[in-house]
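Okay, protein-v1.cif now, which holds mmCIF, C-alpha atoms:
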data_coords
#
loop_
_atom_site.label_atom_id
_atom_site.label_comp_id
_atom_site.auth_asym_id
_atom_site.auth_seq_id
_atom_site.Cartn_x
_atom_site.Cartn_y
_atom_site.Cartn_z
CA MET A 115 -42.78 -48.56 7.30
CA ALA A 116 -40.97 -51.01 9.61
CA GLU A 117 -38.53 -51.86 6.83
CA LYS A 118 -37.78 -48.15 6.32
CA ASN A 119 -37.12 -47.66 10.06
CA ASN A 120 -34.75 -50.63 10.08
CA LYS A 121 -32.77 -49.13 7.18
CA ASN A 122 -32.48 -45.78 9.01
CA GLN A 123 -31.21 -47.55 12.13
CA ILE A 124 -28.60 -49.43 10.09
CA VAL A 125 -27.36 -46.17 8.46
CA HIS A 126 -27.23 -44.50 11.89
CA LEU A 127 -25.21 -47.39 13.35
CA LYS A 128 -22.79 -47.29 10.41
CA ASN A 129 -22.25 -43.55 10.82
CA ASN A 130 -21.60 -43.98 14.54
CA SER A 131 -19.13 -46.77 13.88
CA LEU A 132 -17.28 -44.71 11.27
CA ALA A 133 -17.10 -41.74 13.64
CA LYS A 134 -15.66 -43.92 16.41
CA VAL A 135 -13.08 -45.44 14.04
CA SER A 136 -12.07 -41.98 12.83
CA SER A 137 -11.73 -40.71 16.40
CA THR A 138 -9.67 -43.77 17.39
CA LEU A 139 -7.35 -43.32 14.41
CA ALA A 140 -6.80 -39.63 15.25
CA LEU A 141 -5.96 -40.50 18.86
CA THR A 142 -3.64 -43.29 17.76
CA ASN A 143 -1.81 -41.00 15.35
CA LYS A 144 -1.40 -38.39 18.08
CA LEU A 145 0.04 -40.96 20.49
CA LEU A 146 2.39 -42.29 17.81
CA GLN A 147 3.61 -38.75 17.10
CA GLU A 148 4.24 -38.12 20.80
CA ILE A 149 6.18 -41.41 21.06
CA GLU A 150 8.20 -40.47 17.96
CA ASN A 151 8.97 -37.05 19.42
CA ARG A 152 10.10 -38.58 22.68
CA ASN A 153 12.28 -41.05 20.83
CA THR A 154 13.94 -38.29 18.75
CA LEU A 155 14.69 -36.02 21.71
CA PRO A 156 18.24 -36.40 23.05
CA SER A 157 18.89 -37.89 26.46
CA ASN A 158 19.63 -35.54 29.35
CA ASP A 159 23.37 -36.26 29.21
CA PHE A 160 23.61 -35.60 25.47
CA ARG A 161 26.31 -32.96 24.89
CA VAL A 162 25.27 -29.89 22.89
CA ALA A 163 28.07 -27.95 21.19
CA ILE A 164 28.23 -24.24 22.10
CA PRO A 165 31.37 -22.97 20.28
CA ASP A 166 30.92 -19.22 20.89
CA ILE A 167 32.73 -18.16 24.05
CA ASN A 168 30.42 -15.19 24.69
CA PHE A 169 27.31 -17.36 24.36
CA GLN A 170 28.95 -19.78 26.80
CA LYS A 171 29.54 -16.93 29.24
CA TYR A 172 25.91 -15.83 28.96
CA LEU A 173 24.63 -19.35 29.72
CA THR A 174 26.95 -19.70 32.70
CA ASP A 175 26.23 -16.23 34.14
CA THR A 176 22.47 -16.41 33.61
CA PHE A 177 21.58 -20.03 34.25
CA GLY A 178 24.66 -21.38 36.07
CA ILE A 179 25.22 -23.94 33.32
CA VAL A 180 28.53 -25.79 33.41
CA ILE A 181 30.52 -25.69 30.17
CA THR A 182 32.71 -28.72 29.44
CA ASP A 183 34.88 -28.81 26.32
CA ASN A 184 32.67 -26.17 24.67
CA THR A 185 29.55 -28.27 25.30
CA VAL A 186 26.58 -28.28 27.67
CA ALA A 187 24.33 -31.11 28.82
CA TYR A 188 20.96 -31.22 27.06
CA GLY A 189 19.29 -31.79 30.43
CA ASP A 190 20.55 -28.36 31.56
CA ILE A 191 18.98 -26.46 28.67
CA LYS A 192 15.89 -28.37 27.61
CA HIS A 193 13.54 -26.44 29.93
CA ILE A 194 14.84 -22.91 29.16
CA GLU A 195 11.99 -20.86 27.71
CA GLU A 196 13.59 -17.42 27.35
CA ILE A 197 17.05 -16.28 26.25
CA ASP A 198 18.02 -12.63 26.34
CA CYS A 199 21.61 -12.38 25.18
CA GLU A 200 21.26 -8.92 23.66
CA SER A 201 24.60 -7.15 23.80
CA VAL A 202 24.49 -3.86 25.68
CA GLU A 203 28.21 -3.22 25.36
CA ASP A 204 30.06 -1.54 22.51
CA GLU A 205 33.15 -3.72 22.75
CA GLU A 206 33.25 -6.16 19.85
CA LEU A 207 35.03 -8.72 22.00
CA ASN A 208 31.87 -9.16 24.08
CA LYS A 209 29.48 -9.65 21.17
CA ILE A 210 28.19 -13.09 20.19
CA LYS A 211 29.20 -14.21 16.71
CA SER A 212 27.41 -17.57 16.66
CA LEU A 213 24.35 -19.06 18.35
CA GLU A 214 25.19 -22.57 17.20
CA GLY A 215 23.48 -24.99 19.57
CA ILE A 216 20.35 -22.83 19.91
CA GLN A 217 18.36 -25.45 17.98
CA HIS A 218 18.55 -27.77 20.99
CA PHE A 219 16.74 -25.26 23.22
CA THR A 220 13.46 -26.90 22.21
CA ALA A 221 11.33 -25.23 24.91
CA LEU A 222 12.39 -21.74 23.82
CA THR A 223 9.50 -19.29 23.37
CA GLU A 224 11.44 -15.99 23.39
CA LEU A 225 14.84 -15.23 21.89
CA HIS A 226 16.46 -11.81 22.21
CA CYS A 227 19.85 -11.65 20.50
CA ASP A 228 19.97 -8.03 19.32
CA ASN A 229 23.17 -6.00 18.90
CA ASN A 230 25.56 -8.86 18.28
CA GLN A 231 27.58 -9.97 15.25
CA LEU A 232 25.49 -12.88 14.04
CA THR A 233 25.81 -13.75 10.35
CA ASP A 234 23.62 -16.84 10.61
CA LEU A 235 20.70 -17.88 12.79
CA ASP A 236 19.18 -21.37 12.56
CA ILE A 237 15.92 -21.54 14.51
CA SER A 238 14.25 -24.21 12.40
CA GLN A 239 14.03 -26.56 15.41
CA ASN A 240 12.71 -23.91 17.80
CA THR A 241 9.10 -24.39 16.82
CA ALA A 242 7.73 -23.08 20.13
CA LEU A 243 9.13 -19.58 19.51
CA THR A 244 6.58 -16.81 19.84
CA GLU A 245 9.01 -13.86 19.96
CA LEU A 246 12.24 -13.33 18.03
CA HIS A 247 14.35 -10.20 18.43
CA CYS A 248 17.52 -10.18 16.31
CA ASP A 249 17.94 -6.48 15.43
CA ASN A 250 21.36 -5.02 14.70
CA ASN A 251 23.25 -8.05 13.50
CA GLN A 252 24.75 -9.01 10.14
CA LEU A 253 22.17 -11.51 8.95
CA THR A 254 21.78 -11.95 5.20
CA ASP A 255 19.17 -14.69 5.48
CA LEU A 256 16.47 -15.57 7.97
CA ASP A 257 14.32 -18.70 7.58
CA ILE A 258 11.28 -18.63 9.87
CA SER A 259 9.13 -21.04 7.86
CA GLN A 260 9.10 -23.58 10.73
CA ASN A 261 8.31 -20.98 13.39
CA THR A 262 4.58 -20.86 12.83
CA ALA A 263 3.83 -19.85 16.44
CA LEU A 264 5.66 -16.51 16.07
CA THR A 265 3.61 -13.50 17.14
CA GLU A 266 6.50 -10.97 17.21
CA LEU A 267 9.43 -10.65 14.83
CA HIS A 268 12.04 -7.91 15.14
CA CYS A 269 14.85 -8.25 12.59
CA GLY A 270 15.76 -4.65 11.85
CA SER A 271 19.17 -3.34 10.84
CA ASN A 272 20.51 -6.46 9.18
CA GLN A 273 21.36 -7.21 5.54
CA LEU A 274 18.24 -9.12 4.54
CA SER A 275 17.13 -8.88 0.93
CA VAL A 276 14.30 -11.42 1.26
CA LEU A 277 11.88 -12.13 4.08
CA ASP A 278 9.20 -14.82 3.72
CA VAL A 279 6.51 -14.51 6.38
CA SER A 280 3.82 -16.44 4.52
CA LYS A 281 3.87 -19.31 7.04
CA ASN A 282 3.77 -17.01 10.07
CA THR A 283 0.06 -16.35 10.16
CA GLU A 284 0.04 -15.62 13.90
CA LEU A 285 2.32 -12.59 13.55
CA SER A 286 0.90 -9.47 15.15
CA ILE A 287 4.10 -7.39 15.25
CA LEU A 288 6.64 -7.25 12.41
CA TRP A 289 9.63 -4.90 12.46
CA PHE A 290 12.28 -5.22 9.75
CA TRP A 291 13.56 -1.68 9.39
CA HIS A 292 16.88 -0.91 7.65
CA ASN A 293 17.35 -3.96 5.49
CA GLN A 294 17.49 -4.36 1.71
CA LEU A 295 14.06 -5.73 0.86
CA THR A 296 12.53 -4.77 -2.48
CA ASP A 297 9.36 -6.80 -1.96
CA LEU A 298 7.22 -7.97 0.93
CA ASP A 299 4.11 -10.15 0.90
CA VAL A 300 2.02 -9.79 4.07
CA SER A 301 -1.24 -11.01 2.55
CA GLN A 302 -1.25 -14.08 4.83
CA ASN A 303 -0.52 -12.09 7.98
CA THR A 304 -4.04 -10.94 8.73
CA ALA A 305 -3.34 -10.71 12.48
CA LEU A 306 -0.76 -7.93 12.03
CA THR A 307 -1.30 -4.89 14.23
CA GLU A 308 2.15 -3.29 13.81
CA LEU A 309 4.27 -3.17 10.66
CA HIS A 310 7.59 -1.30 10.58
CA CYS A 311 9.51 -1.53 7.31
CA GLU A 312 11.50 1.71 7.37
CA GLY A 313 14.71 2.05 5.36
CA ASN A 314 14.26 -0.65 2.74
CA GLN A 315 13.84 -0.51 -1.05
CA LEU A 316 10.15 -1.35 -1.32
CA THR A 317 8.43 -0.09 -4.46
CA ASP A 318 5.06 -1.58 -3.57
CA LEU A 319 3.27 -2.47 -0.33
CA ASP A 320 -0.13 -4.17 -0.31
CA VAL A 321 -1.76 -4.00 3.14
CA SER A 322 -5.32 -4.55 1.97
CA GLN A 323 -5.57 -7.85 3.88
CA ASN A 324 -4.13 -6.40 7.08
CA THR A 325 -7.29 -4.84 8.41
CA ALA A 326 -6.18 -5.14 12.05
CA LEU A 327 -3.21 -2.80 11.54
CA THR A 328 -2.98 0.02 14.06
CA MET A 329 0.60 1.11 13.25
CA LEU A 330 2.16 1.30 9.78
CA HIS A 331 5.62 2.83 9.41
CA CYS A 332 7.19 2.55 5.95
CA VAL A 333 9.52 5.55 5.98
CA ASP A 334 12.39 5.84 3.47
CA ASN A 335 11.40 3.42 0.73
CA GLN A 336 10.52 3.92 -2.94
CA LEU A 337 6.74 3.76 -2.73
CA THR A 338 4.76 5.67 -5.36
CA ASP A 339 1.36 4.53 -4.09
CA LEU A 340 -0.11 3.45 -0.77
CA ASP A 341 -3.71 2.29 -0.36
CA VAL A 342 -4.81 2.33 3.28
CA SER A 343 -8.55 2.40 2.63
CA GLN A 344 -9.01 -1.04 4.24
CA ASN A 345 -6.93 -0.18 7.30
CA THR A 346 -9.58 1.68 9.25
CA ALA A 347 -8.06 0.77 12.63
CA LEU A 348 -4.84 2.68 11.93
CA THR A 349 -3.78 5.11 14.65
CA GLU A 350 -0.25 5.75 13.33
CA LEU A 351 0.73 6.12 9.67
CA SER A 352 4.22 7.20 8.69
CA PHE A 353 5.66 7.04 5.18
CA GLU A 354 8.18 9.87 5.16
CA ASP A 355 10.64 10.06 2.25
CA ASN A 356 8.85 8.11 -0.45
CA GLN A 357 7.51 9.20 -3.82
CA LEU A 358 3.75 9.47 -3.30
CA THR A 359 1.84 12.08 -5.27
CA ASP A 360 -1.56 11.28 -3.78
CA LEU A 361 -2.93 10.12 -0.44
CA ASP A 362 -6.44 9.23 0.69
CA VAL A 363 -6.86 8.97 4.47
CA SER A 364 -10.59 9.66 4.53
CA LYS A 365 -11.30 6.15 5.87
CA ASN A 366 -8.65 6.34 8.59
CA THR A 367 -10.64 8.26 11.15
CA GLU A 368 -8.75 6.77 14.12
CA LEU A 369 -5.41 8.30 13.09
CA THR A 370 -3.61 10.21 15.83
CA LEU A 371 -0.25 10.41 14.01
CA LEU A 372 0.25 11.09 10.30
CA ASP A 373 3.72 11.65 8.85
CA CYS A 374 3.70 12.05 5.08
CA SER A 375 6.73 14.34 4.84
CA GLY A 376 9.25 14.17 2.03
CA ASN A 377 6.88 13.08 -0.72
CA GLN A 378 5.37 14.85 -3.74
CA LEU A 379 1.88 15.59 -2.45
CA THR A 380 0.11 18.60 -3.93
CA ASP A 381 -3.06 18.13 -1.89
CA LEU A 382 -3.84 16.74 1.55
CA ASP A 383 -7.33 16.32 2.97
CA VAL A 384 -7.32 15.61 6.71
CA SER A 385 -10.84 16.85 7.41
CA LYS A 386 -11.99 13.37 8.46
CA ASN A 387 -9.01 12.79 10.73
CA THR A 388 -10.28 14.70 13.73
CA ALA A 389 -8.34 12.58 16.24
CA LEU A 390 -4.95 13.71 14.87
CA THR A 391 -2.52 15.01 17.48
CA LEU A 392 0.59 15.04 15.27
CA LEU A 393 0.69 15.95 11.58
CA ASP A 394 3.93 16.17 9.60
CA CYS A 395 3.43 17.07 5.95
CA SER A 396 6.69 18.95 5.45
CA GLY A 397 8.72 18.67 2.27
CA ASN A 398 5.83 18.34 -0.18
CA GLN A 399 4.28 20.67 -2.75
CA LEU A 400 1.24 21.85 -0.80
CA THR A 401 -0.18 25.27 -1.62
CA ASP A 402 -3.05 24.94 0.84
CA LEU A 403 -3.61 23.18 4.16
CA ASP A 404 -6.95 23.09 5.95
CA ILE A 405 -6.62 21.90 9.53
CA SER A 406 -9.72 23.57 10.90
CA GLN A 407 -11.26 20.19 11.80
CA ASN A 408 -8.13 18.94 13.55
CA THR A 409 -8.72 20.58 16.90
CA GLU A 410 -6.77 17.92 18.82
CA LEU A 411 -3.47 18.76 17.09
CA THR A 412 -0.59 19.38 19.46
CA GLU A 413 2.22 19.22 16.89
CA LEU A 414 2.22 20.47 13.30
CA HIS A 415 5.10 20.30 10.82
CA CYS A 416 4.38 21.87 7.45
CA ASP A 417 7.85 23.16 6.56
CA ASN A 418 9.16 23.41 3.04
CA ASN A 419 5.92 23.64 1.09
CA GLN A 420 4.37 26.46 -0.92
CA LEU A 421 1.87 27.73 1.63
CA THR A 422 0.88 31.39 1.38
CA ASP A 423 -1.61 31.16 4.24
CA LEU A 424 -1.92 29.09 7.41
CA ASP A 425 -4.99 29.31 9.62
CA ILE A 426 -4.37 27.70 13.02
CA SER A 427 -7.04 29.60 14.93
CA GLN A 428 -8.97 26.38 15.65
CA ASN A 429 -5.88 24.49 16.80
CA THR A 430 -5.73 25.81 20.33
CA GLU A 431 -3.96 22.69 21.67
CA LEU A 432 -0.87 23.26 19.53
CA THR A 433 2.39 23.17 21.49
CA ILE A 434 4.82 22.79 18.56
CA LEU A 435 4.58 24.49 15.16
CA TYR A 436 7.08 24.18 12.32
CA CYS A 437 6.18 26.23 9.23
CA ASN A 438 9.64 27.19 7.96
CA LYS A 439 10.38 27.64 4.25
CA ASN A 440 6.97 28.61 2.93
CA GLN A 441 5.62 31.85 1.47
CA LEU A 442 3.71 33.11 4.50
CA THR A 443 3.20 36.86 4.75
CA ASP A 444 1.13 36.65 7.92
CA LEU A 445 0.90 34.28 10.87
CA ASP A 446 -1.72 34.71 13.58
CA ILE A 447 -0.87 32.69 16.68
CA SER A 448 -2.96 34.67 19.14
CA GLN A 449 -5.24 31.68 19.82
CA ASN A 450 -2.35 29.26 20.28
CA THR A 451 -1.49 30.06 23.87
CA GLU A 452 -0.08 26.59 24.56
CA LEU A 453 2.76 26.98 22.05
CA THR A 454 6.18 26.14 23.46
CA LYS A 455 8.10 25.95 20.18
CA LEU A 456 7.57 28.10 17.10
CA TYR A 457 9.67 27.75 13.96
CA CYS A 458 8.58 30.15 11.21
CA SER A 459 11.89 31.02 9.58
CA ILE A 460 12.42 31.69 5.87
CA ASN A 461 9.04 33.15 5.05
CA GLN A 462 7.90 36.67 4.13
CA LEU A 463 6.60 37.81 7.51
CA THR A 464 6.77 41.53 8.23
CA ASP A 465 5.18 41.24 11.67
CA LEU A 466 4.98 38.61 14.39
CA ASP A 467 2.90 39.03 17.52
CA VAL A 468 3.91 36.58 20.26
CA SER A 469 2.43 38.49 23.18
CA GLN A 470 -0.17 35.78 23.88
CA ASN A 471 2.33 32.96 23.69
CA THR A 472 3.77 33.10 27.17
CA GLU A 473 4.74 29.42 27.20
CA LEU A 474 7.26 29.81 24.36
CA THR A 475 10.71 28.41 25.06
CA HIS A 476 11.93 28.29 21.44
CA LEU A 477 11.31 31.00 18.86
CA TYR A 478 12.98 30.76 15.48
CA CYS A 479 11.90 33.50 13.05
CA HIS A 480 15.10 34.22 11.14
CA LYS A 481 15.19 35.25 7.50
CA ASN A 482 11.89 37.13 7.31
CA GLN A 483 11.16 40.85 6.95
CA ILE A 484 10.20 41.58 10.55
CA THR A 485 10.76 45.19 11.60
CA ASP A 486 9.61 44.87 15.22
CA LEU A 487 9.66 41.98 17.70
CA ASP A 488 8.27 42.28 21.21
CA VAL A 489 9.30 39.33 23.40
CA SER A 490 8.69 41.00 26.74
CA GLN A 491 5.86 38.56 27.60
CA ASN A 492 7.90 35.51 26.64
CA THR A 493 9.82 35.10 29.87
CA LYS A 494 10.38 31.36 29.39
CA LEU A 495 12.36 31.79 26.18
CA THR A 496 15.64 29.89 26.12
CA TYR A 497 16.26 30.04 22.35
CA LEU A 498 15.59 33.12 20.24
CA ASP A 499 16.77 33.24 16.63
CA CYS A 500 15.72 36.44 14.91
CA ALA A 501 18.65 36.82 12.53
CA GLU A 502 18.29 38.18 9.00
CA ASN A 503 15.33 40.46 9.56
CA GLN A 504 14.98 44.26 9.64
CA LEU A 505 15.06 44.86 13.38
CA LYS A 506 16.39 48.19 14.57
CA ASP A 507 15.91 47.38 18.23
CA LEU A 508 15.71 44.24 20.35
CA ASP A 509 14.74 44.25 24.03
CA VAL A 510 15.55 40.97 25.80
CA SER A 511 15.61 42.34 29.33
CA GLN A 512 12.64 40.19 30.39
CA ASN A 513 14.07 37.02 28.88
CA LYS A 514 16.31 35.94 31.72
CA GLU A 515 16.26 32.26 30.69
CA LEU A 516 17.89 32.93 27.30
CA THR A 517 20.88 30.73 26.46
CA TYR A 518 20.98 31.17 22.66
CA LEU A 519 20.59 34.41 20.69
CA PRO A 520 21.44 34.74 16.99
CA CYS A 521 20.41 38.21 15.87
CA ARG A 522 22.94 39.05 13.17
CA ASP A 523 22.07 40.67 9.85
CA ASN A 524 19.54 43.12 11.22
CA GLN A 525 19.87 46.89 11.68
CA LEU A 526 20.91 46.78 15.32
CA THR A 527 23.51 49.22 16.64
CA ASP A 528 23.52 47.96 20.23
CA LEU A 529 22.29 45.04 22.30
CA ASP A 530 21.71 45.07 26.06
CA VAL A 531 22.11 41.61 27.61
CA SER A 532 22.83 42.77 31.14
CA GLN A 533 19.77 40.92 32.45
CA ASN A 534 20.58 37.70 30.62
CA LYS A 535 22.96 36.05 33.07
CA LYS A 536 22.56 32.59 31.49
CA LEU A 537 23.53 33.87 28.05
CA LYS A 538 27.19 33.32 27.28
CA ASP A 539 29.07 35.50 24.81
CA SER A 540 29.75 32.47 22.63
CA ARG A 541 25.99 31.99 22.21
CA ILE A 542 25.33 35.54 21.01
CA PHE A 543 25.61 35.84 17.26
CA VAL A 544 25.78 39.41 16.06
CA GLU A 545 28.06 41.61 13.98
CA LYS A 546 31.18 43.01 15.61
CA THR A 547 29.91 46.49 14.90
CA VAL A 548 27.01 46.00 17.34
CA LYS A 549 27.78 47.30 20.83
CA ILE A 550 26.97 44.69 23.47
CA TYR A 551 26.14 45.90 26.99
CA ARG A 552 26.83 43.47 29.78
#

In structure tokens, how does this file's structure come out?
Amino acid sequence: MAEKNNKNQIVHLKNNSLAKVSSTLALTNKLLQEIENRNTLPSNDFRVAIPDINFQKYLTDTFGIVITDNTVAYGDIKHIEEIDCESVEDEELNKIKSLEGIQHFTALTELHCDNNQLTDLDISQNTALTELHCDNNQLTDLDISQNTALTELHCGSNQLSVLDVSKNTELSILWFWHNQLTDLDVSQNTALTELHCEGNQLTDLDVSQNTALTMLHCVDNQLTDLDVSQNTALTELSFEDNQLTDLDVSKNTELTLLDCSGNQLTDLDVSKNTALTLLDCSGNQLTDLDISQNTELTELHCDNNQLTDLDISQNTELTILYCNKNQLTDLDISQNTELTKLYCSINQLTDLDVSQNTELTHLYCHKNQITDLDVSQNTKLTYLDCAENQLKDLDVSQNKELTYLPCRDNQLTDLDVSQNKKLKDSRIFVEKTVKIYR
């Protein structure tokens, strides 16, 4: 027994010794790395070349840095943590064309250089960067493989065809709208909460690993499929102008905004999305739309579909309704007393009762078959377009806020606008044969 205890003690002592050696080696390596870093950093009087005259001006105006022979002293820039040289002027002469020298700003954590004329951006030495904003430049390449601390990247409106974010695992916000990307791998970016990739050429987008996403905007690409079943935290989903024929949002119960317009959807089930406040499903092939469970909706766009019926009786919070270019023969808006804008043009309506909609400021109902239109209760109307109907009479005497009135192609013989002092003749659109009373 004693011999066994001695052996255990020896093993324990060996393990302790190994642990101490390992700890000492780790500390030694860390110290050696720090010494190496200090040795590789330039001295304070090292001159850093800054060839761009507008970047020079920014450094002088913002930090009071003295420029000598197109150079600055490293000691003057080594502690700068944030640069915001975004151009807010339209004049090309004031835009920065080169950020050469930026690599020596080793303490930099935020760089904002939007709206300039950069064709190249080398930030490989700026390893402390957490935010990079370089929208609206002329970049064809962007290497961020060394910037592993990045949490925000905004590189929209450039000429990028490739973007590798596989090393940037801390990214939470990624915006690269209006570039030329055909592919994007975000499988390593599990911290992403916002992804904006509008206006690219993506044919596929896998976001199954991005379960923290709350905002996904992939408008104007070439997507034929989009699986968001794993993205249950989504509050905003927008993929307008793609080529989707099917969409399942049953798992996305937190959605408040859904824009699926300009696709090829024939069916849309939003019964589980009871938090929706904005729904845009215009420009699809829908023949039916059930929004009875979406009682929080304030804005609905369902234009340019094949709807023959639209029940919005449960959507009493609606303030904006677009249902143009469908096949509606009836539209009951009596329960929608909060409506301020109603667009129901190019349907087959023969009647439209807006007497309960006293908050209306915009009413567009042109190109229907309406024979009577009473707007006497709609005293807040500023825009009324009732052209191309079958109206024989139109009383706008109570609509003193009117500034726009197209009512041509009806059966009117006269029009009294004597009470409409804000309505200019140039904003009244009616045949010359109609007598206008001022």

* Polymer residues at most 12 Å from Asp499 in chain A, all atoms listed in the file, same-chain spacing of 3 or more positions, as a PyMOL selection string -> chain A and resi 455-460+475-482+487+489+495-496+502-503+508+516-524+541-544

May I have the centre and edge lengths, in Å to one decimal, of an axis-aligned box around the listed atoms of range 331-350 of chain A with 4 Å added to every side, as JSON?
{"center_x": 1.4, "center_y": 2.4, "center_z": 4.6, "size_x": 30.0, "size_y": 14.9, "size_z": 28.0}

Could you name the residues that touch Ala389 in chain A at 12 Å or less, counting only C-alpha atoms, but leaving out those on the same chain fewer than 5 positions away, as a compact mmCIF listing (two decimals) with C-alpha atoms, in the coordinates of the input?
# COMPACT_ATOMS: atom_id res chain seq x y z
CA LEU A 348 -4.84 2.68 11.93
CA THR A 349 -3.78 5.11 14.65
CA GLU A 350 -0.25 5.75 13.33
CA ASN A 366 -8.65 6.34 8.59
CA THR A 367 -10.64 8.26 11.15
CA GLU A 368 -8.75 6.77 14.12
CA LEU A 369 -5.41 8.30 13.09
CA THR A 370 -3.61 10.21 15.83
CA LEU A 371 -0.25 10.41 14.01
CA LEU A 372 0.25 11.09 10.30
CA VAL A 384 -7.32 15.61 6.71
CA ILE A 405 -6.62 21.90 9.53
CA GLN A 407 -11.26 20.19 11.80
CA ASN A 408 -8.13 18.94 13.55
CA THR A 409 -8.72 20.58 16.90
CA GLU A 410 -6.77 17.92 18.82
CA LEU A 411 -3.47 18.76 17.09
CA THR A 412 -0.59 19.38 19.46

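Between CA of Glu515 in chain A and CA of Leu498 in chain A the interatomic distance comes to 10.5 Å.
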
* Asked: Evaluating the PyMOL selection byres ((chain A and resi 529) around 8) on the displayed file yields which residues, as a list in words?
  ->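 That selection, the PyMOL selection byres ((chain A and resi 529) around 8), comes back as Asp507, Leu508, Asp509, Leu526, Thr527, Asp528, Asp530, Val531, Val548, Lys549, Ile550 and Tyr551 of chain A.
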
* Tell me which protein, DNA and RNA residues are within 10 Å of Leu421 in chain A, counting all atoms listed in the file, leaving out same-chain ones fewer than 6 positions away, and put them as a PyMOL selection string. => chain A and resi 399-403+437+439-443+461
